[in-house]
Every structure is written in C-alpha cells, then in structure tokens.
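Engineer: Here you go, this is data.cif (mmCIF, C-alpha atoms and all ligand atoms).
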```
data_data
loop_
_atom_site.label_atom_id
_atom_site.label_comp_id
_atom_site.auth_asym_id
_atom_site.auth_seq_id
_atom_site.Cartn_x
_atom_site.Cartn_y
_atom_site.Cartn_z
CA MET A 1 95.89 168.90 58.22
CA LYS A 2 99.56 168.60 57.39
CA HIS A 3 101.17 169.78 60.62
CA TYR A 4 100.54 166.59 62.56
CA ILE A 5 103.05 164.70 60.45
CA LEU A 6 105.52 166.74 62.48
CA GLY A 7 103.89 165.46 65.65
CA ALA A 8 106.27 162.52 65.87
CA VAL A 9 109.14 164.93 66.43
CA SER A 10 107.40 167.55 68.47
CA ALA A 11 104.78 166.97 71.15
CA VAL A 12 104.57 170.74 71.58
CA ALA A 13 103.61 171.12 67.93
CA LEU A 14 100.81 168.61 68.43
CA VAL A 15 99.39 170.42 71.44
CA SER A 16 99.40 173.77 69.75
CA ALA A 17 98.04 172.19 66.57
CA ALA A 18 95.11 170.74 68.46
CA GLN A 19 94.31 174.20 69.83
CA ALA A 20 94.64 176.07 66.58
CA GLN A 21 91.93 176.46 63.98
CA ASP A 22 92.43 173.47 61.77
CA SER A 23 91.26 172.06 58.49
CA LEU A 24 90.66 168.33 58.19
CA VAL A 25 90.24 166.12 55.14
CA ILE A 26 87.72 163.26 55.15
CA GLY A 27 88.08 160.88 52.22
CA HIS A 28 85.54 158.50 50.71
CA ALA A 29 84.86 156.67 47.45
CA LEU A 30 81.53 158.13 46.36
CA SER A 31 80.03 161.45 45.23
CA PRO A 32 79.38 164.32 47.68
CA THR A 33 75.63 163.71 47.27
CA SER A 34 75.86 159.96 48.03
CA HIS A 35 75.10 158.39 51.43
CA TYR A 36 78.83 158.67 52.25
CA GLY A 37 78.86 162.31 51.13
CA VAL A 38 75.91 163.09 53.38
CA GLY A 39 77.69 161.30 56.26
CA ALA A 40 80.98 163.11 55.63
CA GLN A 41 79.21 166.48 55.67
CA ALA A 42 77.34 165.59 58.87
CA PHE A 43 80.70 164.73 60.45
CA LEU A 44 82.27 168.03 59.47
CA ASP A 45 79.25 170.12 60.45
CA THR A 46 78.86 168.41 63.84
CA LEU A 47 82.55 168.69 64.64
CA ALA A 48 82.65 172.37 63.68
CA GLU A 49 79.67 173.00 65.92
CA LEU A 50 80.98 171.02 68.91
CA SER A 51 84.42 172.60 68.67
CA GLY A 52 83.10 176.14 68.21
CA GLY A 53 84.77 176.29 64.80
CA THR A 54 88.19 175.03 65.94
CA PHE A 55 87.95 172.06 63.59
CA THR A 56 86.65 172.61 60.09
CA GLY A 57 87.33 170.57 57.01
CA GLU A 58 86.38 169.33 53.61
CA GLN A 59 85.52 166.13 51.80
CA ALA A 60 87.86 164.38 49.36
CA PRO A 61 85.07 162.45 47.59
CA ALA A 62 84.87 160.06 44.63
CA GLY A 63 88.14 158.26 45.32
CA GLN A 64 90.17 161.43 44.67
CA LEU A 65 92.69 160.07 47.16
CA GLY A 66 92.59 156.52 45.76
CA GLY A 67 90.63 153.37 46.50
CA GLU A 68 89.50 152.44 50.00
CA ARG A 69 92.59 150.33 50.60
CA ASP A 70 94.85 153.27 49.67
CA MET A 71 92.92 155.61 51.94
CA ILE A 72 93.19 153.22 54.91
CA GLU A 73 96.94 153.08 54.35
CA GLY A 74 96.93 156.90 54.26
CA LEU A 75 95.43 156.94 57.76
CA GLN A 76 98.11 154.61 59.07
CA ILE A 77 100.93 156.83 57.87
CA GLY A 78 99.13 160.08 58.67
CA SER A 79 98.82 161.44 55.13
CA LEU A 80 95.02 161.49 55.56
CA ASP A 81 92.91 162.51 58.59
CA LEU A 82 89.64 160.62 58.29
CA VAL A 83 87.97 158.10 56.00
CA ILE A 84 84.51 156.67 55.57
CA THR A 85 85.06 153.22 54.09
CA SER A 86 83.24 149.95 53.66
CA THR A 87 84.73 147.00 55.51
CA GLY A 88 85.57 145.44 52.12
CA PRO A 89 89.34 146.02 52.28
CA LEU A 90 89.48 146.48 56.06
CA GLY A 91 89.83 142.76 56.76
CA ASN A 92 93.27 143.01 55.16
CA PHE A 93 94.25 145.33 58.03
CA VAL A 94 92.06 144.11 60.92
CA PRO A 95 91.44 140.40 60.22
CA GLU A 96 88.67 139.96 62.85
CA VAL A 97 86.50 142.36 60.81
CA LEU A 98 86.28 139.78 57.99
CA ALA A 99 83.45 138.19 59.97
CA LEU A 100 81.13 141.09 59.10
CA ASP A 101 81.54 140.51 55.37
CA LEU A 102 80.44 136.87 55.41
CA PRO A 103 77.59 136.20 52.97
CA PHE A 104 74.10 135.72 54.40
CA LEU A 105 75.23 136.51 57.98
CA PHE A 106 72.88 139.38 58.79
CA ARG A 107 69.11 138.84 58.50
CA ASP A 108 68.16 142.45 57.76
CA TYR A 109 69.09 146.09 58.47
CA ASP A 110 67.76 145.99 62.04
CA HIS A 111 69.88 142.95 62.84
CA ALA A 112 73.06 144.48 61.37
CA ARG A 113 72.56 147.83 63.09
CA SER A 114 71.86 146.18 66.47
CA VAL A 115 75.05 144.12 66.22
CA LEU A 116 77.21 147.07 65.20
CA ASP A 117 75.73 149.44 67.79
CA GLY A 118 76.16 146.90 70.59
CA GLU A 119 78.95 145.11 72.42
CA ILE A 120 80.23 143.26 69.33
CA GLY A 121 80.51 146.44 67.30
CA GLN A 122 82.45 148.13 70.11
CA GLU A 123 84.84 145.18 70.40
CA LEU A 124 85.58 145.36 66.67
CA LEU A 125 86.08 149.14 66.78
CA ASP A 126 88.51 148.57 69.66
CA ALA A 127 90.37 145.91 67.62
CA MET A 128 91.22 148.58 65.05
CA GLY A 129 93.37 150.31 67.66
CA GLY A 130 95.77 147.38 67.56
CA ASN A 131 96.24 147.95 63.83
CA ASP A 132 97.24 151.63 63.63
CA LEU A 133 93.68 152.80 62.99
CA VAL A 134 91.08 154.53 65.16
CA GLY A 135 87.53 153.20 64.70
CA LEU A 136 85.21 156.07 65.62
CA ALA A 137 81.76 154.69 64.71
CA TRP A 138 80.02 152.10 62.56
CA SER A 139 78.27 153.56 59.56
CA GLU A 140 76.63 151.83 56.59
CA ASN A 141 76.97 150.95 52.93
CA GLY A 142 74.06 148.51 52.66
CA PHE A 143 73.01 145.05 51.46
CA ARG A 144 74.86 144.17 48.26
CA HIS A 145 73.21 143.06 45.02
CA VAL A 146 74.53 141.78 41.69
CA THR A 147 74.42 143.82 38.47
CA ASN A 148 75.64 142.68 35.05
CA SER A 149 75.56 143.40 31.35
CA GLN A 150 74.85 139.87 30.08
CA ARG A 151 71.61 138.35 31.40
CA PRO A 152 69.01 138.30 34.17
CA ILE A 153 70.30 136.35 37.17
CA THR A 154 67.71 134.23 38.96
CA THR A 155 69.70 131.11 39.92
CA PRO A 156 73.37 130.45 40.76
CA GLU A 157 73.69 128.74 37.34
CA ASP A 158 73.07 132.16 35.75
CA LEU A 159 76.24 133.42 37.46
CA GLY A 160 78.25 130.67 35.73
CA GLY A 161 81.44 132.07 34.19
CA LEU A 162 80.37 135.69 34.70
CA LYS A 163 83.39 137.94 35.23
CA LEU A 164 82.34 139.80 38.31
CA ARG A 165 84.24 142.62 40.00
CA THR A 166 84.44 142.08 43.75
CA MET A 167 86.10 144.08 46.48
CA GLU A 168 89.57 143.06 47.59
CA ASN A 169 88.04 140.80 50.20
CA ALA A 170 88.86 137.12 50.68
CA VAL A 171 85.39 136.02 51.82
CA HIS A 172 83.58 137.85 49.01
CA MET A 173 85.86 136.26 46.43
CA ALA A 174 85.37 132.80 47.91
CA ALA A 175 81.59 133.31 47.97
CA PHE A 176 81.41 134.20 44.28
CA GLU A 177 83.72 131.39 43.29
CA GLY A 178 81.41 129.07 45.24
CA MET A 179 78.39 130.44 43.36
CA GLY A 180 80.09 129.77 40.00
CA ALA A 181 81.19 133.29 38.95
CA ALA A 182 84.74 134.36 38.10
CA PRO A 183 85.52 136.98 40.79
CA THR A 184 87.90 139.77 39.79
CA PRO A 185 89.05 141.94 42.72
CA MET A 186 89.49 145.60 41.82
CA ALA A 187 89.59 148.98 43.57
CA PHE A 188 86.35 150.91 43.15
CA PRO A 189 87.72 153.88 41.16
CA GLU A 190 88.49 151.45 38.31
CA VAL A 191 85.10 149.74 38.26
CA PHE A 192 83.01 151.98 35.99
CA GLY A 193 85.71 151.94 33.27
CA ALA A 194 86.16 148.16 33.58
CA LEU A 195 82.40 147.64 33.14
CA GLN A 196 82.30 150.07 30.23
CA GLN A 197 85.19 148.38 28.42
CA GLY A 198 83.86 144.87 29.11
CA VAL A 199 86.90 143.94 31.22
CA VAL A 200 84.31 142.58 33.64
CA ASP A 201 80.64 141.70 33.01
CA GLY A 202 79.26 142.71 36.34
CA GLN A 203 79.79 143.93 39.86
CA GLU A 204 77.98 143.82 43.19
CA ASN A 205 77.09 146.75 45.41
CA PRO A 206 74.18 148.17 47.42
CA ILE A 207 71.36 150.11 45.74
CA THR A 208 72.90 153.26 47.23
CA VAL A 209 76.09 152.73 45.21
CA ILE A 210 74.42 151.44 42.03
CA THR A 211 72.32 154.60 41.85
CA ALA A 212 75.06 157.05 42.99
CA SER A 213 77.40 155.58 40.34
CA ARG A 214 74.77 155.54 37.55
CA PHE A 215 75.68 151.93 36.77
CA TRP A 216 72.63 151.77 34.48
CA GLU A 217 74.84 153.46 31.88
CA VAL A 218 76.90 150.23 31.65
CA GLN A 219 74.74 147.49 33.22
CA GLY A 220 71.36 146.22 32.00
CA TYR A 221 70.44 143.83 34.82
CA VAL A 222 70.25 143.89 38.59
CA THR A 223 69.16 141.10 40.91
CA LEU A 224 68.40 141.88 44.54
CA THR A 225 70.49 139.04 45.92
CA GLY A 226 71.22 140.82 49.23
CA HIS A 227 74.11 138.35 49.56
CA VAL A 228 76.25 140.46 51.91
CA TYR A 229 75.52 143.26 54.34
CA SER A 230 78.27 145.82 53.77
CA PRO A 231 79.06 147.87 56.88
CA ALA A 232 80.96 151.12 56.66
CA VAL A 233 83.07 152.67 59.37
CA VAL A 234 84.30 156.17 60.18
CA LEU A 235 88.04 155.86 60.75
CA ALA A 236 90.61 158.38 61.97
CA SER A 237 94.37 158.42 61.70
CA PRO A 238 95.97 157.57 65.07
CA ILE A 239 98.57 160.23 64.31
CA LEU A 240 95.81 162.84 64.33
CA PHE A 241 93.67 161.32 67.09
CA GLU A 242 96.40 160.74 69.63
CA GLY A 243 97.41 164.40 69.35
CA LEU A 244 93.96 165.55 70.50
CA THR A 245 92.87 166.31 74.04
CA GLU A 246 90.33 163.99 75.66
CA GLU A 247 87.60 166.55 75.12
CA GLN A 248 88.48 166.88 71.44
CA GLN A 249 88.51 163.09 71.03
CA GLY A 250 84.99 163.09 72.47
CA TRP A 251 83.90 165.63 69.82
CA PHE A 252 85.34 163.45 67.05
CA MET A 253 83.47 160.41 68.35
CA GLU A 254 80.21 162.33 68.64
CA ALA A 255 80.66 163.73 65.13
CA ALA A 256 81.26 160.19 63.82
CA ARG A 257 78.04 158.97 65.45
CA ALA A 258 76.15 161.88 63.85
CA SER A 259 77.75 160.97 60.52
CA ALA A 260 76.64 157.33 60.84
CA ALA A 261 73.08 158.36 61.73
CA ALA A 262 72.90 160.68 58.69
CA THR A 263 74.29 157.97 56.40
CA ARG A 264 71.86 155.33 57.65
CA ALA A 265 68.92 157.70 57.15
CA GLU A 266 70.13 158.30 53.60
CA VAL A 267 70.47 154.54 53.00
CA ASP A 268 66.85 154.09 54.12
CA ARG A 269 65.71 156.87 51.78
CA LEU A 270 67.67 155.61 48.78
CA GLU A 271 66.61 151.98 49.31
CA ALA A 272 62.96 153.08 49.30
CA GLU A 273 63.22 154.84 45.94
CA GLY A 274 66.11 152.89 44.36
CA VAL A 275 64.22 150.15 42.51
CA ASP A 276 62.00 152.68 40.74
CA LEU A 277 65.03 154.81 39.90
CA MET A 278 66.94 151.86 38.41
CA ARG A 279 63.87 150.82 36.36
CA ALA A 280 63.30 154.38 35.19
CA ASN A 281 66.87 154.35 33.91
CA GLY A 282 66.31 151.19 31.89
CA MET A 283 67.59 148.41 34.15
CA GLU A 284 65.76 145.11 34.39
CA VAL A 285 65.38 144.71 38.16
CA ILE A 286 64.72 141.24 39.57
CA THR A 287 63.42 141.70 43.09
CA GLU A 288 62.20 138.18 43.95
CA ILE A 289 64.52 135.17 43.84
CA ASP A 290 64.92 131.97 45.80
CA ARG A 291 67.96 132.88 47.93
CA ALA A 292 68.43 129.39 49.40
CA PRO A 293 70.67 127.93 46.64
CA PHE A 294 72.80 131.13 46.53
CA GLN A 295 73.13 130.99 50.31
CA ALA A 296 74.09 127.31 50.42
CA LEU A 297 76.88 127.69 47.83
CA ALA A 298 78.21 131.02 49.13
CA ALA A 299 78.26 129.96 52.77
CA GLU A 300 79.91 126.62 52.05
CA ALA A 301 82.73 128.33 50.17
CA ALA A 302 83.20 131.52 52.20
CA TRP A 303 82.49 130.79 55.85
CA PRO A 304 85.49 128.44 56.32
CA VAL A 305 87.81 131.22 55.09
CA TYR A 306 86.91 132.99 58.34
CA THR A 307 86.12 130.09 60.71
CA ASP A 308 89.33 128.13 59.93
CA GLN A 309 91.25 131.07 61.38
CA PHE A 310 88.93 132.49 64.02
CA GLY A 311 86.42 129.74 64.89
CA THR A 312 82.66 130.20 65.19
CA ALA A 313 82.27 132.00 68.55
CA LEU A 314 81.82 135.52 67.15
CA LEU A 315 79.46 134.30 64.42
CA GLU A 316 77.29 132.52 66.97
CA ARG A 317 77.11 135.72 69.04
CA ILE A 318 76.17 137.74 65.94
CA LEU A 319 73.47 135.27 64.93
CA ALA A 320 72.04 135.33 68.46
CA VAL A 321 71.49 139.12 68.47
CA GLU A 322 67.76 139.88 68.14
O1 LIG A 401 82.38 148.23 46.04
C1 LIG A 401 83.07 148.92 46.79
O2 LIG A 401 84.29 148.98 46.66
C2 LIG A 401 82.39 149.64 47.95
O3 LIG A 401 81.12 149.14 48.18
C3 LIG A 401 82.30 151.16 47.71
C4 LIG A 401 81.49 151.48 46.49
C5 LIG A 401 83.70 151.75 47.54
C6 LIG A 401 81.63 151.84 48.89
O4 LIG A 401 82.26 151.57 50.10
#
```
How would this structure read if it were set down as structure tokens?
Ligand code: PAF
Structural biologist:
Amino acid sequence: MKHYILGAVSAVALVSAAQAQDSLVIGHALSPTSHYGVGAQAFLDTLAELSGGTFTGEQAPAGQLGGERDMIEGLQIGSLDLVITSTGPLGNFVPEVLALDLPFLFRDYDHARSVLDGEIGQELLDAMGGNDLVGLAWSENGFRHVTNSQRPITTPEDLGGLKLRTMENAVHMAAFEGMGAAPTPMAFPEVFGALQQGVVDGQENPITVITASRFWEVQGYVTLTGHVYSPAVVLASPILFEGLTEEQQGWFMEAARASAAATRAEVDRLEAEGVDLMRANGMEVITEIDRAPFQALAAEAAWPVYTDQFGTALLERILAVE
C-alpha cells in the first residue's frame, strides 16, 4: 500500500486511498503455515470480509522484509502496513512492554492470556501509540524453551558457557547471563545459519517456532524450560491507520482480534503435538526439570533491569491476575 506515504502531503489522497480498493502487506518472521502465518491469513480474510473487499492484502512471511526490529521500524516510517511480531525487540521501542518478557512472570497460558486480554493488555497497547506504532491486538508466540547442539540441559550448570542466541532484548540477555550461558543477540533470519555454522550452540524459542523452523536439522537437544512467555502483537503503521475512517479502524481492530484468536488456537494445536514431532525428528526432548534453580538465577539477574527503571507496580498487578 504505497500511496499512503504521500498522505503526509495530501489529506485528500489519504481519504480517497481509504475508499479505494487497496492491497495491504502484513509482515512476519515465520512461514505461511506457522502460527503467525495462520494469524496473518485470518487478519486478511476477516478484513476483506468486513470491508466488502475494499481491503485485501498479502503476507510477507519468513522475514522477507527483515527481522522483527526492522519490520517495526518499517511501520514507524510507513514503508510497511502491518506486522505480527513477538515483543522481543518491542521493548526497544516501547520500554514499558519489557515487563512482559521477564522470565518466570506468567504462570501458564491462561494467566498470560487473561493479562493481555484485560486492562493491563489494553494499557500496554495504548502505550504503543506514544511511540509511533498502533497496537491492534495481543497475539501469541508461546512459552520459550532452550535447544542446543551440545548436551542435554537439566540444570543451570549445563548452560555454563553455552553460546546461546537470544532476541535483542535486555531482560532475556540478563536472564541467560544470570543462568551462566553466553547470550548472543541476533535477528531471527540469521539464526538457522548461525546454528548450522556453529556460530552459536543453541537458541530459545517456543515449540511453535522450533517445529516451524525445523531446528532439529541443526539442534539435537531441547529442554522444556518455559523460562519466558513470549507474547506477540498485531501492529499497524500509524501512517496507514490514521488515514482510515473510524469505521475502517474498527474493521482493522476486529480483524486483529480474529488473527490473535486463530494464532492462539494454532499455538494450542502445535503445543499438543510438538513434543512427539520433535522426537520423531530425532531430538532428545527433556520435558521434566526442576525449574526452581533456573528461576532463581534468571529472576535475580533480569528483574532489576526492568524494576530499576519502572518499579514493581505493574508486575504486582500482573501477578495478581487470576
Ligand atoms: O526468536 C525470535 O526472534 C522470535 O521468537 C520469532 C521466531 C521471530 C517469532 O516472533
């Protein structure tokens, strides 16, 4: 949807653009058949239906438009319409969001979804508006787990010295440093190659991503650490969104909620079959570990990165949600 770049110079162009048949691009980091791909398609289908075909579009999957950080920047300058992204790099743009990436914050999927669908989630979506982004709806990546090529991980000592790719996220990096690994931040499109070439020994991601990326081709071991719940969010460019009528904005928000629901359903499905799939593809999967020592080290190192700046009020509210 190129015309809206002109919107800054012509309000008339924006109005007529919003009325014309238009083709949108929604970017994300994973394959079209992944949980993000399913969510992106649900967004496009719902929006086309609600708008009677005025808004159609296509996916730019698999990091075709760069890593998640690049795509978020694309929204801010209006070179991209929509993105489904994890919150991993989002804290670099909307610092309050860093809270959601703290290790061992959310108890389980129900807890995370209740927080994000409630008052706290809405406040954080609203905060994106102050940072040249439009937060349309919370979606989902999933609880993150550690994979590696060296050895089975059952205690924090096993992480010792392991070169582990993390997202470009300050609290994730602090958590892994605290647990004894050597965190190496890297954009996702580079990860498979880095694992293949031995630039890093391991990485951490939800089952959804491990299976969609066929990490078993380069990783022998996975431990279900569940150390971080990784939210995703459907974001729009303010340059696009502010050129829409109120009714059209409503369609975009409804389409984003449909996208999130489709993604979460896909996460549930993939989590249920993921362990078998990883084993069938030759990975050693460690499902039961004592999480307490991981939690103690990760929380001690990572939580102050957030609380020193923002205090504990939001975390207490999150923990109190049933
Ligand atoms: O590891 C990441 O960077 C993210 O989890 C991913 C795979 C891009 C999905 O948001």
Engineer: Using all atoms listed in the file, which residue out of A:Ala302, A:Leu65, A:Val115, A:Val321 lies closest to Asn169 (chain A)?
Structural biologist: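 Nearest candidate to Asn169 (chain A) out of A:Ala302, A:Leu65, A:Val115, A:Val321: A:Ala302.
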Engineer: Step by step, measure atom-to-atom distances between ligand LIG 401 (chain A) and each residue using only C-alpha atoms and all ligand atoms, keep those at most 7 Å, then write them as a ChimeraX atom specification.
Structural biologist: /A:29-30,68,85-86,88,141,166-167,187-188,204-205,209,232
Engineer: If I take CA of Asn281 (chain A) and CA of Ile210 (chain A), how far is one from the other in Å, to one decimal?
Structural biologist: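 These two atoms are separated by 11.5 Å.
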Engineer: At a cut-off of 9 Å, using all atoms listed in the file, what residues contact His111 (chain A)? Leave out same-chain residues fewer than 6 positions from it and give the result as a list in words.
Structural biologist: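 Listing them by chain and then by number gives Ile318, Leu319, Val321 and Glu322 of chain A.
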Engineer: A:Val233, A:Glu300, A:Pro89, A:Gly57: which is nearest Asp70 (chain A), counting only C-alpha atoms?
Structural biologist: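 Nearest candidate to Asp70 (chain A) out of A:Val233, A:Glu300, A:Pro89, A:Gly57: A:Pro89.
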Engineer: Grab the CA of Ala62 (chain A) to CA of Pro32 (chain A) distance for me, in Å with one decimal place.
Structural biologist: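 CA of Pro32 (chain A) lies at a distance of 7.6 Å from CA of Ala62 (chain A).
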Engineer: Name the closest residue to Met278 (chain A) among the candidates A:Val25, A:Leu244, A:Val222, A:Leu195; distances are taken between atoms, counting all atoms listed in the file.
Structural biologist: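 Of A:Val25, A:Leu244, A:Val222, A:Leu195, the one nearest Met278 (chain A), counting all atoms listed in the file, is A:Val222.
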Engineer: For Ala112 (chain A), which residue out of A:Gly66, A:Pro231, A:Gly78, A:Gly27 is the nearest one, using only C-alpha atoms?
Structural biologist: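 For Ala112 (chain A), the nearest of the given residues is A:Pro231.
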Engineer: Let me make sure I understand: among A:Pro206, A:Val234, A:Ala272, A:Val97, which one has the smallest atom-to-atom distance to Ala255 (chain A) if we use only C-alpha atoms?
Structural biologist: A:Val234
Engineer: At what distance in Å, to one decimal, does CA of Ala299 (chain A) lie from CA of Pro103 (chain A)?
Structural biologist: 6.3 Å
Engineer: Might you pull out every residue within 8 Å of His227 (chain A), with all atoms listed in the file counted and same-chain residues fewer than 4 positions away left off, and present them as an MDAnalysis selection string?
Structural biologist: chainID A and resid 103:104 143:145 294:295
Engineer: When you count all atoms listed in the file, which of these residues is closest to Glu58 (chain A): A:Ile26, A:Trp216, A:Ile84, A:Leu75?
Structural biologist: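 Closest to Glu58 (chain A) of all the choices is A:Ile26.
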Engineer: When you look at Ser149 (chain A) with a cut-off of 8 Å (counting all atoms listed in the file), what residues show up, excluding the ones that are within fewer than 3 positions of it in the same chain? I need them as a list in words.
Structural biologist: Asp201, Gly202, Val218, Gln219, Gly220 and Tyr221 of chain A
Engineer: Write a file of the just-selected residues containing C-alpha atoms, as a short mmCIF file (atom, residue, chain, number, x, y, z; two decimals), in the coordinates of the input.
Structural biologist:
```cif
data_model
loop_
_atom_site.label_atom_id
_atom_site.label_comp_id
_atom_site.auth_asym_id
_atom_site.auth_seq_id
_atom_site.Cartn_x
_atom_site.Cartn_y
_atom_site.Cartn_z
CA ASP A 201 80.64 141.70 33.01
CA GLY A 202 79.26 142.71 36.34
CA VAL A 218 76.90 150.23 31.65
CA GLN A 219 74.74 147.49 33.22
CA GLY A 220 71.36 146.22 32.00
CA TYR A 221 70.44 143.83 34.82
#
```
Engineer: Return the padded bounding box of region 105-112 of chain A as JSON: axis-aligned, built from all atoms listed in the file, 5 Å added on each side, with centre and edge lengths in Å to one decimal.
Structural biologist:
```
{"center_x": 71.5, "center_y": 141.3, "center_z": 60.3, "size_x": 17.5, "size_y": 19.6, "size_z": 15.1}
```
Engineer: Start from the incomplete input, build N, CA, C and O atoms for region 192-212 of chain A, and deliver everything as a CSV table (one decimal), in the coordinates of the input.
Structural biologist:
```csv
chain,number,residue,atom,x,y,z
A,192,PHE,N,83.9,151.5,37.1
A,192,PHE,CA,83.0,152.0,36.0
A,192,PHE,C,83.7,151.7,34.6
A,192,PHE,O,83.1,151.2,33.7
A,193,GLY,N,85.0,152.1,34.5
A,193,GLY,CA,85.7,151.9,33.3
A,193,GLY,C,85.8,150.5,32.9
A,193,GLY,O,85.7,150.1,31.7
A,194,ALA,N,86.0,149.6,33.9
A,194,ALA,CA,86.2,148.2,33.6
A,194,ALA,C,84.8,147.6,33.1
A,194,ALA,O,84.8,146.7,32.2
A,195,LEU,N,83.7,148.1,33.6
A,195,LEU,CA,82.4,147.6,33.1
A,195,LEU,C,82.2,148.2,31.7
A,195,LEU,O,81.7,147.5,30.9
A,196,GLN,N,82.5,149.4,31.5
A,196,GLN,CA,82.3,150.1,30.2
A,196,GLN,C,83.1,149.4,29.1
A,196,GLN,O,82.6,149.1,28.0
A,197,GLN,N,84.3,149.0,29.4
A,197,GLN,CA,85.2,148.4,28.4
A,197,GLN,C,85.0,146.9,28.3
A,197,GLN,O,85.7,146.2,27.5
A,198,GLY,N,84.1,146.3,29.2
A,198,GLY,CA,83.9,144.9,29.1
A,198,GLY,C,85.0,144.1,29.7
A,198,GLY,O,85.1,142.8,29.5
A,199,VAL,N,85.8,144.7,30.5
A,199,VAL,CA,86.9,143.9,31.2
A,199,VAL,C,86.2,143.0,32.2
A,199,VAL,O,86.7,141.9,32.4
A,200,VAL,N,85.2,143.5,32.8
A,200,VAL,CA,84.3,142.6,33.6
A,200,VAL,C,82.9,142.7,33.2
A,200,VAL,O,82.5,143.7,32.6
A,201,ASP,N,82.0,141.7,33.5
A,201,ASP,CA,80.6,141.7,33.0
A,201,ASP,C,79.7,142.3,34.0
A,201,ASP,O,78.7,142.8,33.7
A,202,GLY,N,80.2,142.2,35.3
A,202,GLY,CA,79.3,142.7,36.3
A,202,GLY,C,80.0,143.1,37.6
A,202,GLY,O,81.2,143.1,37.6
A,203,GLN,N,79.2,143.5,38.6
A,203,GLN,CA,79.8,143.9,39.9
A,203,GLN,C,78.7,143.7,40.9
A,203,GLN,O,77.6,143.4,40.5
A,204,GLU,N,79.0,143.9,42.2
A,204,GLU,CA,78.0,143.8,43.2
A,204,GLU,C,78.2,144.9,44.2
A,204,GLU,O,79.3,145.2,44.6
A,205,ASN,N,77.1,145.6,44.5
A,205,ASN,CA,77.1,146.8,45.4
A,205,ASN,C,75.7,147.0,45.9
A,205,ASN,O,74.7,146.6,45.3
A,206,PRO,N,75.5,147.8,47.0
A,206,PRO,CA,74.2,148.2,47.4
A,206,PRO,C,73.5,149.1,46.4
A,206,PRO,O,74.1,149.8,45.6
A,207,ILE,N,72.2,149.2,46.6
A,207,ILE,CA,71.4,150.1,45.7
A,207,ILE,C,71.9,151.5,45.8
A,207,ILE,O,72.0,152.3,44.8
A,208,THR,N,72.3,151.9,47.0
A,208,THR,CA,72.9,153.3,47.2
A,208,THR,C,74.0,153.5,46.2
A,208,THR,O,74.1,154.6,45.7
A,209,VAL,N,74.9,152.5,46.1
A,209,VAL,CA,76.1,152.7,45.2
A,209,VAL,C,75.7,152.6,43.7
A,209,VAL,O,76.2,153.3,42.9
A,210,ILE,N,74.8,151.7,43.4
A,210,ILE,CA,74.4,151.4,42.0
A,210,ILE,C,73.8,152.7,41.5
A,210,ILE,O,74.1,153.2,40.4
A,211,THR,N,73.0,153.4,42.3
A,211,THR,CA,72.3,154.6,41.8
A,211,THR,C,73.3,155.8,41.9
A,211,THR,O,73.4,156.5,40.9
A,212,ALA,N,74.1,155.9,42.9
A,212,ALA,CA,75.1,157.0,43.0
A,212,ALA,C,76.1,157.0,41.8
A,212,ALA,O,76.6,158.0,41.4
```
